[in-house]
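Data block below; observations after.
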Amino acid sequence: MSFFRITLHRSAIGLPKRTRGVLAALGLHKRAQVVFHPVEAQFAGMIMKVKELVQVEEVDRALTKREVHAQRQPEKGFFVERAVPRMGDVGVGVLGRVAALQGQGQGQAQEGEVRL
Amino acid sequence: MFGPFRITNPLSGGLLWKIPWRMSAPQKYRQRQRLRAVDKVVETLSTALAKKGETLKSLELWKNDMPTEAEMLAKDKYTMFDRKAKRYRKGIHKLPKWTRVSQRVNPPGF
């Protein structure tokens, strides 16, 4: 069973009550909100009424609110784009540490990106 | 006549908003993007329903009557019929809520 993934892209401020009613019936209350509805003529008709305001995709299953939220989160962790000398590096030598990092990273280090 | 206290419409009348008579190039660009976005929604709906073998009257009517962005003439993308305007055309940006309503077809011959 497939679903429409409907995102409210444009606000309905100042539009007729009927239009805002259709959005409310779809469960859309604020911009960038995502709702899922099964692929049926009934829901397609409602989307047709507000087609200027929404973005629609066909997806295989309806995600829960939590899953949609998770999709919006950035990846955890961070990238160090270039190794920088630190205060404790006096004995080891900056170049030595950078070389060690590059040794770990193999191919990645060539592009100047080391995942820590 | 001249100088900072000259009588102009905004100075003597207070609030005066002017809408330029034609759209700028970026306005036209964004208008095309919006037209395409609507086309995309309609296409998604029709393919999804076609897979299930269902039809929808409003969808069929739209597909029969409304040209897609690529099929539209520049005249119809950026201007619309107005019986009061000179040469019966005015910029589509004069239509209230023009970025959120569909206005694609005009009377034949105009």
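Letters for chains follow the order of the structure tokens (A, B, ...), residue numbers begin at 1 for each chain, and ligand numbers begin at 1 in the order shown.
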
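Those residues in region 53-87 of chain A carrying a DSSP assignment of strand (DSSP E), computed from the backbone, are Val54, Gln55, Val56, Glu57, Glu58, Val59, Phe79 and Val80 of chain A.
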
Find the spatial neighbours of Leu26 (chain A), counting only C-alpha atoms, within a cut-off of 12 Å - ignore same-chain residues fewer than 4 positions away - and output them as a list in words.
Phe4, Arg5, Ile6, Thr7, Leu8, Thr19, Arg20, Gly21, Val22, Lys30, Gln33, Val34, Val35, Phe36, His37, Pro38, Gln42, Phe43, Ala44, Gly45, Met46, Ile47, Met48, Lys49, Val50 and Val54 of chain A

Any chance you could export the current selection's N, CA and C atoms as a PDB file, in the first residue's frame?
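Listing of selection-v9.pdb after writing:
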```
ATOM      1  N   PHE A   4       0.674   9.020   0.037  1.00  0.00           N
ATOM      2  CA  PHE A   4       1.119  10.349  -0.371  1.00  0.00           C
ATOM      3  C   PHE A   4       1.843  10.981   0.808  1.00  0.00           C
ATOM      4  N   ARG A   5       3.059  11.440   0.563  1.00  0.00           N
ATOM      5  CA  ARG A   5       3.756  12.216   1.594  1.00  0.00           C
ATOM      6  C   ARG A   5       3.531  13.678   1.241  1.00  0.00           C
ATOM      7  N   ILE A   6       2.761  14.363   2.042  1.00  0.00           N
ATOM      8  CA  ILE A   6       2.335  15.727   1.713  1.00  0.00           C
ATOM      9  C   ILE A   6       3.032  16.715   2.644  1.00  0.00           C
ATOM     10  N   THR A   7       3.708  17.679   2.074  1.00  0.00           N
ATOM     11  CA  THR A   7       4.381  18.714   2.855  1.00  0.00           C
ATOM     12  C   THR A   7       3.719  20.047   2.560  1.00  0.00           C
ATOM     13  N   LEU A   8       3.349  20.769   3.606  1.00  0.00           N
ATOM     14  CA  LEU A   8       2.792  22.109   3.386  1.00  0.00           C
ATOM     15  C   LEU A   8       3.947  23.059   3.096  1.00  0.00           C
ATOM     16  N   THR A  19     -10.218  26.732   1.359  1.00  0.00           N
ATOM     17  CA  THR A  19      -8.857  26.231   1.161  1.00  0.00           C
ATOM     18  C   THR A  19      -8.227  25.857   2.502  1.00  0.00           C
ATOM     19  N   ARG A  20      -8.401  26.744   3.475  1.00  0.00           N
ATOM     20  CA  ARG A  20      -7.814  26.474   4.789  1.00  0.00           C
ATOM     21  C   ARG A  20      -8.484  25.260   5.417  1.00  0.00           C
ATOM     22  N   GLY A  21      -9.783  25.103   5.127  1.00  0.00           N
ATOM     23  CA  GLY A  21     -10.505  23.936   5.636  1.00  0.00           C
ATOM     24  C   GLY A  21      -9.945  22.647   5.064  1.00  0.00           C
ATOM     25  N   VAL A  22      -9.599  22.660   3.760  1.00  0.00           N
ATOM     26  CA  VAL A  22      -9.039  21.466   3.127  1.00  0.00           C
ATOM     27  C   VAL A  22      -7.711  21.111   3.793  1.00  0.00           C
ATOM     28  N   LYS A  30       0.804  23.853   9.962  1.00  0.00           N
ATOM     29  CA  LYS A  30       1.869  24.847   9.844  1.00  0.00           C
ATOM     30  C   LYS A  30       2.816  24.457   8.724  1.00  0.00           C
ATOM     31  N   GLN A  33       5.179  21.171   7.616  1.00  0.00           N
ATOM     32  CA  GLN A  33       4.637  19.993   8.288  1.00  0.00           C
ATOM     33  C   GLN A  33       4.434  18.879   7.268  1.00  0.00           C
ATOM     34  N   VAL A  34       4.667  17.641   7.692  1.00  0.00           N
ATOM     35  CA  VAL A  34       4.533  16.504   6.784  1.00  0.00           C
ATOM     36  C   VAL A  34       3.423  15.590   7.289  1.00  0.00           C
ATOM     37  N   VAL A  35       2.509  15.195   6.393  1.00  0.00           N
ATOM     38  CA  VAL A  35       1.500  14.198   6.755  1.00  0.00           C
ATOM     39  C   VAL A  35       1.474  13.119   5.680  1.00  0.00           C
ATOM     40  N   PHE A  36       0.983  11.959   6.057  1.00  0.00           N
ATOM     41  CA  PHE A  36       0.875  10.836   5.121  1.00  0.00           C
ATOM     42  C   PHE A  36      -0.583  10.436   4.991  1.00  0.00           C
ATOM     43  N   HIS A  37      -1.018  10.211   3.751  1.00  0.00           N
ATOM     44  CA  HIS A  37      -2.369   9.723   3.516  1.00  0.00           C
ATOM     45  C   HIS A  37      -2.305   8.651   2.439  1.00  0.00           C
ATOM     46  N   PRO A  38      -3.148   7.618   2.549  1.00  0.00           N
ATOM     47  CA  PRO A  38      -3.103   6.549   1.546  1.00  0.00           C
ATOM     48  C   PRO A  38      -3.452   7.065   0.151  1.00  0.00           C
ATOM     49  N   GLN A  42     -10.035   9.931  -2.885  1.00  0.00           N
ATOM     50  CA  GLN A  42     -10.528  10.889  -1.900  1.00  0.00           C
ATOM     51  C   GLN A  42      -9.433  11.872  -1.480  1.00  0.00           C
ATOM     52  N   PHE A  43      -8.244  11.338  -1.191  1.00  0.00           N
ATOM     53  CA  PHE A  43      -7.158  12.215  -0.753  1.00  0.00           C
ATOM     54  C   PHE A  43      -6.546  12.961  -1.928  1.00  0.00           C
ATOM     55  N   ALA A  44      -6.530  12.308  -3.091  1.00  0.00           N
ATOM     56  CA  ALA A  44      -6.005  12.991  -4.284  1.00  0.00           C
ATOM     57  C   ALA A  44      -6.849  14.227  -4.584  1.00  0.00           C
ATOM     58  N   GLY A  45      -8.170  14.102  -4.396  1.00  0.00           N
ATOM     59  CA  GLY A  45      -9.057  15.233  -4.631  1.00  0.00           C
ATOM     60  C   GLY A  45      -8.764  16.374  -3.680  1.00  0.00           C
ATOM     61  N   MET A  46      -8.469  16.016  -2.424  1.00  0.00           N
ATOM     62  CA  MET A  46      -8.153  17.068  -1.458  1.00  0.00           C
ATOM     63  C   MET A  46      -6.837  17.748  -1.818  1.00  0.00           C
ATOM     64  N   ILE A  47      -5.875  16.954  -2.276  1.00  0.00           N
ATOM     65  CA  ILE A  47      -4.584  17.540  -2.657  1.00  0.00           C
ATOM     66  C   ILE A  47      -4.772  18.451  -3.865  1.00  0.00           C
ATOM     67  N   MET A  48      -5.652  18.041  -4.794  1.00  0.00           N
ATOM     68  CA  MET A  48      -5.901  18.882  -5.977  1.00  0.00           C
ATOM     69  C   MET A  48      -6.388  20.271  -5.567  1.00  0.00           C
ATOM     70  N   LYS A  49      -7.145  20.334  -4.483  1.00  0.00           N
ATOM     71  CA  LYS A  49      -7.683  21.625  -4.045  1.00  0.00           C
ATOM     72  C   LYS A  49      -6.584  22.561  -3.547  1.00  0.00           C
ATOM     73  N   VAL A  50      -5.501  21.981  -3.042  1.00  0.00           N
ATOM     74  CA  VAL A  50      -4.444  22.816  -2.457  1.00  0.00           C
ATOM     75  C   VAL A  50      -3.104  22.574  -3.156  1.00  0.00           C
ATOM     76  N   VAL A  54       1.223  22.719  -1.642  1.00  0.00           N
ATOM     77  CA  VAL A  54       1.877  21.536  -1.075  1.00  0.00           C
ATOM     78  C   VAL A  54       2.870  20.915  -2.045  1.00  0.00           C
TER      79      VAL A  54
END
```

Sorted by chain and rising residue number, list the residues of chain A at most 7 Å from chain B (counting only C-alpha atoms), each with its closest atom pair and distance in Å to one decimal, as CSV.
```
residue,atom,partner,partner_atom,distance
A:Val39,CA,B:Ala48,CA,6.7
A:Glu40,CA,B:Leu49,CA,6.9
A:Ala41,CA,B:Leu56,CA,6.0
A:Ala44,CA,B:Leu45,CA,6.2
A:Gly45,CA,B:Ser58,CA,6.9
A:Lys51,CA,B:Val38,CA,6.0
A:Glu52,CA,B:Arg100,CA,5.6
A:Leu53,CA,B:Arg100,CA,6.7
A:Gln55,CA,B:Val41,CA,6.5
A:Val56,CA,B:Val41,CA,5.7
A:Glu57,CA,B:Thr44,CA,6.6
A:Glu58,CA,B:Ala48,CA,6.8
```

Just N, CA, C and O atoms for this one: save the residues we selected as a PDB file, in the first residue's frame.
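Everything below was put into result_37.pdb:
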```
ATOM      1  N   VAL A  39      -2.925   6.387  -0.856  1.00  0.00           N
ATOM      2  CA  VAL A  39      -3.225   6.766  -2.238  1.00  0.00           C
ATOM      3  C   VAL A  39      -4.646   6.347  -2.559  1.00  0.00           C
ATOM      4  O   VAL A  39      -4.933   5.180  -2.803  1.00  0.00           O
ATOM      5  N   GLU A  40      -5.546   7.303  -2.481  1.00  0.00           N
ATOM      6  CA  GLU A  40      -6.957   7.070  -2.797  1.00  0.00           C
ATOM      7  C   GLU A  40      -7.476   8.313  -3.490  1.00  0.00           C
ATOM      8  O   GLU A  40      -6.945   9.411  -3.279  1.00  0.00           O
ATOM      9  N   ALA A  41      -8.527   8.128  -4.277  1.00  0.00           N
ATOM     10  CA  ALA A  41      -9.094   9.252  -5.014  1.00  0.00           C
ATOM     11  C   ALA A  41      -9.543  10.355  -4.057  1.00  0.00           C
ATOM     12  O   ALA A  41      -9.411  11.539  -4.353  1.00  0.00           O
ATOM     13  N   ALA A  44      -6.530  12.308  -3.091  1.00  0.00           N
ATOM     14  CA  ALA A  44      -6.005  12.991  -4.284  1.00  0.00           C
ATOM     15  C   ALA A  44      -6.849  14.227  -4.584  1.00  0.00           C
ATOM     16  O   ALA A  44      -6.323  15.283  -4.953  1.00  0.00           O
ATOM     17  N   GLY A  45      -8.170  14.102  -4.396  1.00  0.00           N
ATOM     18  CA  GLY A  45      -9.057  15.233  -4.631  1.00  0.00           C
ATOM     19  C   GLY A  45      -8.764  16.374  -3.680  1.00  0.00           C
ATOM     20  O   GLY A  45      -8.775  17.551  -4.068  1.00  0.00           O
ATOM     21  N   LYS A  51      -3.180  22.233  -4.458  1.00  0.00           N
ATOM     22  CA  LYS A  51      -1.959  21.815  -5.152  1.00  0.00           C
ATOM     23  C   LYS A  51      -0.918  22.916  -5.251  1.00  0.00           C
ATOM     24  O   LYS A  51       0.272  22.638  -5.398  1.00  0.00           O
ATOM     25  N   GLU A  52      -1.334  24.181  -5.141  1.00  0.00           N
ATOM     26  CA  GLU A  52      -0.372  25.281  -5.211  1.00  0.00           C
ATOM     27  C   GLU A  52       0.397  25.435  -3.901  1.00  0.00           C
ATOM     28  O   GLU A  52       1.372  26.175  -3.845  1.00  0.00           O
ATOM     29  N   LEU A  53      -0.086  24.803  -2.836  1.00  0.00           N
ATOM     30  CA  LEU A  53       0.503  25.046  -1.520  1.00  0.00           C
ATOM     31  C   LEU A  53       1.354  23.889  -1.015  1.00  0.00           C
ATOM     32  O   LEU A  53       2.080  24.042  -0.045  1.00  0.00           O
ATOM     33  N   GLN A  55       3.774  20.124  -1.462  1.00  0.00           N
ATOM     34  CA  GLN A  55       4.653  19.266  -2.253  1.00  0.00           C
ATOM     35  C   GLN A  55       4.229  17.832  -1.957  1.00  0.00           C
ATOM     36  O   GLN A  55       4.016  17.492  -0.794  1.00  0.00           O
ATOM     37  N   VAL A  56       4.111  17.022  -2.997  1.00  0.00           N
ATOM     38  CA  VAL A  56       3.597  15.665  -2.815  1.00  0.00           C
ATOM     39  C   VAL A  56       4.578  14.652  -3.392  1.00  0.00           C
ATOM     40  O   VAL A  56       5.131  14.861  -4.473  1.00  0.00           O
ATOM     41  N   GLU A  57       4.800  13.576  -2.642  1.00  0.00           N
ATOM     42  CA  GLU A  57       5.579  12.445  -3.141  1.00  0.00           C
ATOM     43  C   GLU A  57       4.770  11.188  -2.886  1.00  0.00           C
ATOM     44  O   GLU A  57       3.980  11.145  -1.946  1.00  0.00           O
ATOM     45  N   GLU A  58       5.025  10.159  -3.701  1.00  0.00           N
ATOM     46  CA  GLU A  58       4.404   8.870  -3.416  1.00  0.00           C
ATOM     47  C   GLU A  58       5.437   8.002  -2.726  1.00  0.00           C
ATOM     48  O   GLU A  58       6.538   7.817  -3.241  1.00  0.00           O
TER      49      GLU A  58
END
```

To one decimal in Å, tell me the separation between CA of Arg22 (chain B) and CA of Arg83 (chain B).
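Result for CA of Arg22 (chain B) versus CA of Arg83 (chain B): 17.3 Å, one decimal.
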